[in-house]
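Visitor: Take a look at target.cif, mmCIF, C-alpha atoms:
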```cif
data_target
loop_
_atom_site.label_atom_id
_atom_site.label_comp_id
_atom_site.auth_asym_id
_atom_site.auth_seq_id
_atom_site.Cartn_x
_atom_site.Cartn_y
_atom_site.Cartn_z
CA MET A 25 4.11 -126.46 -20.52
CA ALA A 26 5.35 -122.97 -21.20
CA ALA A 27 1.86 -122.12 -22.29
CA SER A 28 0.40 -123.46 -19.06
CA LEU A 29 2.89 -121.38 -17.02
CA SER A 30 2.01 -118.22 -18.84
CA GLN A 31 -1.63 -118.85 -18.40
CA ALA A 32 -1.12 -119.44 -14.68
CA LEU A 33 0.79 -116.17 -14.29
CA TYR A 34 -1.90 -114.25 -16.13
CA LEU A 35 -4.62 -115.66 -13.93
CA ALA A 36 -2.65 -114.83 -10.79
CA THR A 37 -2.13 -111.29 -11.86
CA PHE A 38 -5.79 -110.79 -12.81
CA THR A 39 -6.93 -112.31 -9.54
CA SER A 40 -4.59 -110.03 -7.54
CA SER A 41 -5.80 -106.95 -9.36
CA ALA A 42 -9.41 -107.89 -8.98
CA SER A 43 -8.99 -108.51 -5.26
CA LYS A 44 -7.82 -104.87 -4.56
CA PRO A 45 -10.57 -102.61 -3.30
CA SER A 46 -11.55 -99.89 -5.67
CA ALA A 47 -10.75 -96.28 -4.65
CA SER A 48 -13.71 -94.24 -3.52
CA PRO A 49 -14.57 -91.34 -5.71
CA ILE A 50 -13.45 -87.82 -4.50
CA SER A 51 -16.36 -85.69 -3.59
CA PRO A 52 -16.02 -81.90 -3.90
CA PRO A 53 -15.76 -79.93 -0.61
CA SER A 54 -18.96 -78.58 0.67
CA ILE A 55 -19.32 -74.75 0.58
CA LYS A 56 -21.30 -73.12 3.34
CA VAL A 57 -23.06 -69.98 2.24
CA PRO A 58 -23.62 -67.56 5.15
CA THR A 59 -27.04 -66.25 5.73
CA PHE A 60 -27.75 -62.57 6.35
CA SER A 61 -30.51 -61.15 8.39
CA PRO A 62 -32.33 -58.14 6.89
CA LEU A 63 -30.79 -54.74 7.75
CA THR A 64 -32.92 -52.95 10.24
CA VAL A 65 -32.76 -49.12 10.06
CA GLN A 66 -33.65 -47.44 13.29
CA PRO A 67 -35.42 -44.11 12.87
CA LEU A 68 -33.79 -41.03 14.39
CA SER A 69 -35.16 -40.26 17.76
CA SER A 70 -36.42 -36.83 18.65
CA ALA A 71 -33.62 -36.54 21.17
CA PHE A 72 -30.95 -36.66 18.46
CA THR A 73 -28.38 -33.92 19.01
CA PRO A 74 -25.93 -33.12 16.23
CA ASN A 75 -22.28 -32.55 16.98
CA VAL A 76 -21.75 -29.09 18.35
CA ALA A 77 -19.40 -27.14 16.11
CA HIS A 78 -16.46 -25.43 17.71
CA VAL A 79 -17.02 -21.72 17.89
CA ILE A 80 -13.89 -19.73 17.03
CA THR A 81 -13.83 -16.21 18.26
CA LEU A 82 -11.70 -13.99 16.05
CA THR A 83 -10.11 -10.96 17.61
CA PRO A 84 -9.62 -8.37 14.90
CA HIS A 85 -6.54 -6.19 14.77
CA ALA A 86 -6.94 -2.99 16.66
CA THR A 87 -8.71 -0.59 14.39
CA SER A 88 -8.68 3.14 14.41
CA THR A 89 -11.26 4.92 16.42
CA PRO A 90 -12.25 8.46 15.68
CA SER A 91 -10.36 9.64 18.75
CA SER A 92 -7.14 7.91 17.62
CA ILE A 93 -7.12 9.42 14.15
CA PRO A 94 -5.20 12.66 13.88
CA SER A 95 -7.39 15.72 13.90
CA ASP A 96 -8.54 17.05 10.58
CA THR A 97 -7.08 20.08 8.89
CA SER A 98 -10.08 22.31 9.52
CA THR A 99 -7.97 24.69 11.60
CA THR A 100 -4.70 24.38 9.66
CA THR A 101 -3.62 27.75 8.32
CA PHE A 102 -0.45 28.94 6.61
CA HIS A 103 0.52 32.56 6.30
CA GLY A 104 3.55 34.12 4.63
CA LEU A 105 5.20 35.25 1.43
CA CYS A 106 4.57 33.30 -1.77
CA TYR A 107 6.97 32.33 -4.53
CA VAL A 108 5.38 31.93 -7.96
CA VAL A 109 6.51 29.57 -10.73
CA GLY A 110 4.91 28.49 -14.01
CA ASP A 111 3.87 25.22 -15.65
CA ASN A 112 5.74 21.92 -15.83
CA ILE A 113 8.18 22.53 -13.00
CA ASP A 114 9.94 19.18 -12.92
CA THR A 115 11.86 17.47 -10.16
CA ASP A 116 15.20 18.32 -11.76
CA GLN A 117 14.36 21.98 -11.28
CA ILE A 118 13.16 21.37 -7.73
CA ILE A 119 16.29 19.46 -6.74
CA PRO A 120 18.91 18.51 -9.37
CA ALA A 121 20.16 14.93 -9.46
CA GLU A 122 23.66 15.88 -8.30
CA TYR A 123 22.27 16.53 -4.81
CA LEU A 124 20.44 13.23 -4.43
CA THR A 125 23.42 11.76 -2.59
CA LEU A 126 22.37 13.77 0.46
CA VAL A 127 20.56 11.60 3.00
CA PRO A 128 17.43 13.28 4.43
CA SER A 129 17.51 11.15 7.59
CA ASN A 130 20.76 12.86 8.52
CA PRO A 131 19.79 16.22 10.08
CA ALA A 132 22.81 18.06 8.69
CA GLU A 133 22.28 16.69 5.20
CA TYR A 134 18.55 17.33 5.44
CA GLU A 135 19.24 21.01 6.07
CA LYS A 136 21.78 21.10 3.26
CA LEU A 137 19.30 19.46 0.89
CA GLY A 138 16.85 22.26 1.61
CA SER A 139 19.44 24.88 0.73
CA TYR A 140 19.43 23.56 -2.87
CA ALA A 141 15.65 23.63 -3.34
CA LEU A 142 14.58 25.09 -6.71
CA ILE A 143 18.20 25.77 -7.59
CA GLY A 144 17.51 24.19 -10.97
CA LEU A 145 15.12 26.94 -12.10
CA PRO A 146 16.18 28.71 -15.30
CA SER A 147 17.75 32.15 -15.22
CA SER A 148 14.43 33.68 -16.27
CA TYR A 149 13.48 33.55 -12.59
CA ALA A 150 15.24 36.70 -11.46
CA THR A 151 14.35 36.29 -7.79
CA ARG A 152 16.13 33.43 -6.11
CA PHE A 153 14.10 31.08 -4.00
CA ILE A 154 16.86 30.88 -1.39
CA GLU A 155 19.30 33.72 -0.88
CA PRO A 156 23.03 32.98 -1.14
CA ASN A 157 24.61 31.55 2.01
CA GLU A 158 21.16 30.75 3.41
CA THR A 159 19.66 27.32 4.10
CA LYS A 160 16.03 28.43 4.46
CA THR A 161 13.72 30.34 2.15
CA LYS A 162 11.64 33.31 3.18
CA TYR A 163 8.82 32.03 0.94
CA SER A 164 6.76 29.56 2.93
CA ILE A 165 4.10 29.13 0.21
CA LEU A 166 4.92 28.01 -3.32
CA ILE A 167 2.42 28.72 -6.12
CA GLY A 168 2.71 26.86 -9.42
CA GLY A 169 0.86 26.17 -12.64
CA ALA A 170 -0.08 22.91 -14.32
CA ASN A 171 1.75 19.58 -13.95
CA PHE A 172 3.85 20.65 -11.01
CA GLY A 173 6.46 18.08 -9.94
CA CYS A 174 6.66 16.19 -13.23
CA GLY A 175 9.74 14.24 -14.23
CA SER A 176 11.46 11.58 -12.15
CA SER A 177 9.84 10.02 -9.10
CA ARG A 178 12.46 11.14 -6.58
CA GLU A 179 11.19 11.64 -3.03
CA HIS A 180 13.86 14.28 -2.56
CA ALA A 181 11.70 16.84 -4.38
CA PRO A 182 9.05 17.39 -1.67
CA VAL A 183 11.65 16.70 1.01
CA ALA A 184 13.90 19.49 -0.30
CA LEU A 185 10.98 21.93 -0.33
CA GLY A 186 10.01 20.99 3.20
CA ALA A 187 13.60 21.24 4.40
CA ALA A 188 13.80 24.71 2.86
CA GLY A 189 10.81 25.87 4.90
CA VAL A 190 7.91 25.47 2.44
CA LYS A 191 4.64 24.60 4.18
CA ALA A 192 2.32 24.25 1.21
CA VAL A 193 2.34 24.17 -2.58
CA VAL A 194 -0.66 25.50 -4.47
CA ALA A 195 -0.77 24.43 -8.11
CA GLU A 196 -3.32 24.06 -10.87
CA SER A 197 -2.42 20.38 -11.16
CA TYR A 198 0.28 17.94 -10.06
CA ALA A 199 2.23 15.07 -11.41
CA ARG A 200 0.69 12.24 -9.41
CA ILE A 201 4.05 10.88 -8.22
CA PHE A 202 4.94 14.26 -6.67
CA PHE A 203 1.54 14.50 -5.02
CA ARG A 204 1.91 11.01 -3.57
CA ASN A 205 5.46 11.64 -2.36
CA SER A 206 4.32 14.84 -0.66
CA VAL A 207 1.69 12.91 1.27
CA ALA A 208 3.95 9.93 2.02
CA THR A 209 6.77 12.08 3.41
CA GLY A 210 4.48 14.61 5.11
CA GLU A 211 6.81 17.41 4.08
CA VAL A 212 4.43 19.77 2.28
CA TYR A 213 0.70 20.11 1.62
CA PRO A 214 0.01 19.76 -2.13
CA VAL A 215 -3.15 21.81 -2.63
CA GLU A 216 -4.90 22.18 -5.99
CA SER A 217 -6.43 25.44 -7.13
CA GLU A 218 -9.58 25.78 -9.19
CA VAL A 219 -8.14 28.62 -11.28
CA ARG A 220 -4.65 29.59 -12.42
CA ILE A 221 -3.58 31.44 -9.31
CA CYS A 222 -0.04 31.52 -10.70
CA GLU A 223 -1.27 34.21 -13.12
CA GLU A 224 -3.00 36.16 -10.35
CA CYS A 225 -0.25 36.27 -7.73
CA LYS A 226 3.32 37.54 -7.84
CA THR A 227 6.40 36.51 -5.96
CA GLY A 228 6.50 38.38 -2.68
CA ASP A 229 2.73 38.70 -2.21
CA VAL A 230 1.48 38.02 1.31
CA VAL A 231 -0.99 35.17 1.29
CA THR A 232 -2.90 32.96 3.69
CA ILE A 233 -4.05 29.40 3.05
CA GLU A 234 -6.98 28.14 5.11
CA LEU A 235 -7.29 24.40 4.55
CA GLY A 236 -10.53 24.12 6.50
CA GLU A 237 -12.19 26.73 4.28
CA SER A 238 -10.34 25.53 1.18
CA ARG A 239 -9.34 29.03 0.18
CA LEU A 240 -6.32 31.20 -0.45
CA ILE A 241 -6.36 34.88 0.47
CA ASN A 242 -3.95 37.25 -1.23
CA HIS A 243 -3.61 40.11 1.24
CA THR A 244 -1.53 42.11 -1.19
CA THR A 245 -4.23 42.26 -3.86
CA GLY A 246 -7.23 41.66 -1.60
CA LYS A 247 -8.45 38.72 -3.69
CA GLU A 248 -9.61 35.31 -2.53
CA TYR A 249 -9.42 32.04 -4.44
CA LYS A 250 -11.22 28.76 -3.98
CA LEU A 251 -9.04 25.71 -3.46
CA LYS A 252 -9.90 22.04 -3.85
CA PRO A 253 -10.25 20.20 -0.52
CA ILE A 254 -7.13 18.35 0.59
CA GLY A 255 -9.33 15.43 1.64
CA ASP A 256 -7.95 12.31 3.31
CA ALA A 257 -4.38 13.36 2.53
CA GLY A 258 -4.60 16.12 5.12
CA PRO A 259 -4.47 13.96 8.30
CA VAL A 260 -1.62 11.89 6.84
CA ILE A 261 0.51 14.96 6.18
CA GLU A 262 -0.41 16.48 9.52
CA ALA A 263 0.77 13.31 11.28
CA GLY A 264 4.15 13.61 9.57
CA GLY A 265 3.79 11.16 6.70
CA ILE A 266 2.28 7.79 5.98
CA PHE A 267 4.33 5.80 8.52
CA ALA A 268 3.76 8.29 11.31
CA TYR A 269 0.05 8.25 10.48
CA ALA A 270 -0.03 4.43 10.51
CA ARG A 271 1.64 4.33 13.93
CA LYS A 272 -0.62 7.00 15.35
CA THR A 273 -3.77 5.22 14.22
CA GLY A 274 -2.61 1.75 15.34
CA MET A 275 -2.18 0.31 11.85
CA ILE A 276 1.41 -0.64 12.69
CA PRO A 277 3.10 -0.91 16.10
CA SER A 278 4.55 2.24 17.54
CA GLN A 279 8.27 2.41 17.86
#
```
Please render this file's structure as structure tokens.
Guide:
Amino acid sequence: MAASLSQALYLATFTSSASKPSASPISPPSIKVPTFSPLTVQPLSSAFTPNVAHVITLTPHATSTPSSIPSDTSTTTFHGLCYVVGDNIDTDQIIPAEYLTLVPSNPAEYEKLGSYALIGLPSSYATRFIEPNETKTKYSILIGGANFGCGSSREHAPVALGAAGVKAVVAESYARIFFRNSVATGEVYPVESEVRICEECKTGDVVTIELGESRLINHTTGKEYKLKPIGDAGPVIEAGGIFAYARKTGMIPSQ
């Protein structure tokens, strides 16, 4: 009987399982692939107008015109007594370092600075450039040899000469820093000679310098000497130095 019961249970279970509907198989989702129409390129029409670029008008800084540039040195002439020195006159001889504390922008100190010009010359120069108790020299033209103004780069050297009353220096050659400082300060005209005029002239001779003709005339001896043209440095010195020249020509604003 136990066997019959087991068999009955088995059949009931099998029948129940068989009567259940079978699950439908899972189908994969459908994927829709988009379709593309061919790209149509339209040709450029003849009426095509490119973008118009912005036009920028630049206004240049005011430049110098011939009328605004200081006149040339064609009529600049210096006449007076000359003081003659030799080669390698350095800036310590022109103005010793102990006087560099004087401030040239101060009128009183500017005049005092000039009173010490060439005070450093050796005792072999019997004639003093500036007489005792005087602030100005009677020699308005200084004549030198080779390498004039060598040594330190102090601006006081040409300033002291200018403050003393020197108008021009005529030398066989210059230390470039002295030449540049002379132009930058506008104190003296540094003119180069083509021969050693320092061996032809003597202190106290009366001379004339004509910058336009580039010549020096010694009225005492009656001789003339050719000088090298001052060139573009002339208008800068005539204006009073590089800053005065820049203001006068519109390179920098006027004060």
Visitor: What residues come out when you apply the PyMOL selection byres ((chain A and resi 253) around 9) to this file, written as an NGL selection string?
Guide: :A and (215-216 or 235-239 or 251-252 or 254-255 or 258)
Visitor: Return the single residue from A:Asn205, A:Thr227, A:Ser197, A:Ser217 that is closest to Phe153 (chain A), with distances computed using only C-alpha atoms.
Guide: A:Thr227
Visitor: Can you tell me, as a list in words, what residues are no more than 10 Å from Arg204 (chain A) when counting only C-alpha atoms, ignoring any on the same chain fewer than 2 positions away?
Guide: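 Here the answer would be Ser177, Glu179, Pro182, Tyr198, Ala199, Arg200, Ile201, Phe202, Ser206, Val207, Ala208, Thr209, Gly210, Pro214 and Ala257 of chain A.
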Visitor: Kindly resolve the PyMOL selection byres ((chain A and resi 169) around 8) on the present coordinates and return the residues as an NGL selection string.
Guide: :A and (109-112 or 167-168 or 170-172 or 195-197 or 220-222)
Visitor: Tell me which residues come within 10 Å of (15.1, 24.3, -6.6), as a PyMOL selection string, counting only C-alpha atoms in the file's coordinates.
Guide: chain A and resi 113-120+137-146+152-154+181+184-185+188
Visitor: Quick one: apply the PyMOL selection byres ((chain A and resi 224) around 10) to the file and drop the selected residues here as a list in words.
Guide: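 This file gives the following for the PyMOL selection byres ((chain A and resi 224) around 10): Val108, Val219, Arg220, Ile221, Cys222, Glu223, Cys225, Lys226, Asn242, Thr245, Lys247 and Tyr249 of chain A.
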Visitor: Keeping C-alpha atoms, export the residues of the selection given above as a tab-separated table (two decimals), keeping the file's coordinate frame.
Guide:
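Once everything was written out, this is part-v3.tsv:
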```tsv
chain	number	residue	atom	x	y	z
A	108	VAL	CA	5.38	31.93	-7.96
A	219	VAL	CA	-8.14	28.62	-11.28
A	220	ARG	CA	-4.65	29.59	-12.42
A	221	ILE	CA	-3.58	31.44	-9.31
A	222	CYS	CA	-0.04	31.52	-10.70
A	223	GLU	CA	-1.27	34.21	-13.12
A	225	CYS	CA	-0.25	36.27	-7.73
A	226	LYS	CA	3.32	37.54	-7.84
A	242	ASN	CA	-3.95	37.25	-1.23
A	245	THR	CA	-4.23	42.26	-3.86
A	247	LYS	CA	-8.45	38.72	-3.69
A	249	TYR	CA	-9.42	32.04	-4.44
```
Visitor: Could you jot down the CA of Tyr269 (chain A) to CA of Ala187 (chain A) separation for me, Å, one decimal place?
Guide: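 The value is 19.7 Å.
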Visitor: Counting only C-alpha atoms, which residue out of A:Ala268, A:Val212, A:Ile241, A:Ala263 sits closest to His103 (chain A)?
Guide: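 The closest residue to His103 (chain A) is A:Ile241.
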Visitor: Please return the centre and edge lengths, in Å to one decimal, of a box with edges along x, y and z that contains all listed atoms of region 110-126 of chain A, widened by 3 Å on every side, as JSON.
Guide:
```
{"center_x": 13.8, "center_y": 20.1, "center_z": -7.7, "size_x": 25.8, "size_y": 22.7, "size_z": 22.3}
```
Visitor: Give the answer as one residue: which of A:Met275, A:Arg178, A:Tyr149, A:Gly186 has the shortest atom-to-atom distance to Thr125 (chain A), using only C-alpha atoms?
Guide: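 Result for the nearest residue to Thr125 (chain A): A:Arg178.
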Visitor: Measure the distance from CA of Glu234 (chain A) to CA of Gly189 (chain A) in Å and round it to one decimal.
Guide: 17.9 Å
Visitor: One decimal, Å: what's the distance from CA of Tyr107 (chain A) over to CA of Val183 (chain A), could you say?
Guide: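 Atom-to-atom, CA of Tyr107 (chain A) and CA of Val183 (chain A) are spaced 17.2 Å apart.
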Visitor: Choose the residue, out of A:Ala121, A:Ala132, A:Val260, A:Ile165, that has the smallest atom-to-atom separation from Thr232 (chain A); count only C-alpha atoms.
Guide: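 Nearest candidate to Thr232 (chain A) out of A:Ala121, A:Ala132, A:Val260, A:Ile165: A:Ile165.
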Visitor: Taking into account only C-alpha atoms, which residue in the set A:Lys250, A:Thr161, A:Ile266, A:Glu122 is nearest to Glu218 (chain A)?
Guide: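 Of A:Lys250, A:Thr161, A:Ile266, A:Glu122, the one nearest Glu218 (chain A) is A:Lys250, counting only C-alpha atoms.
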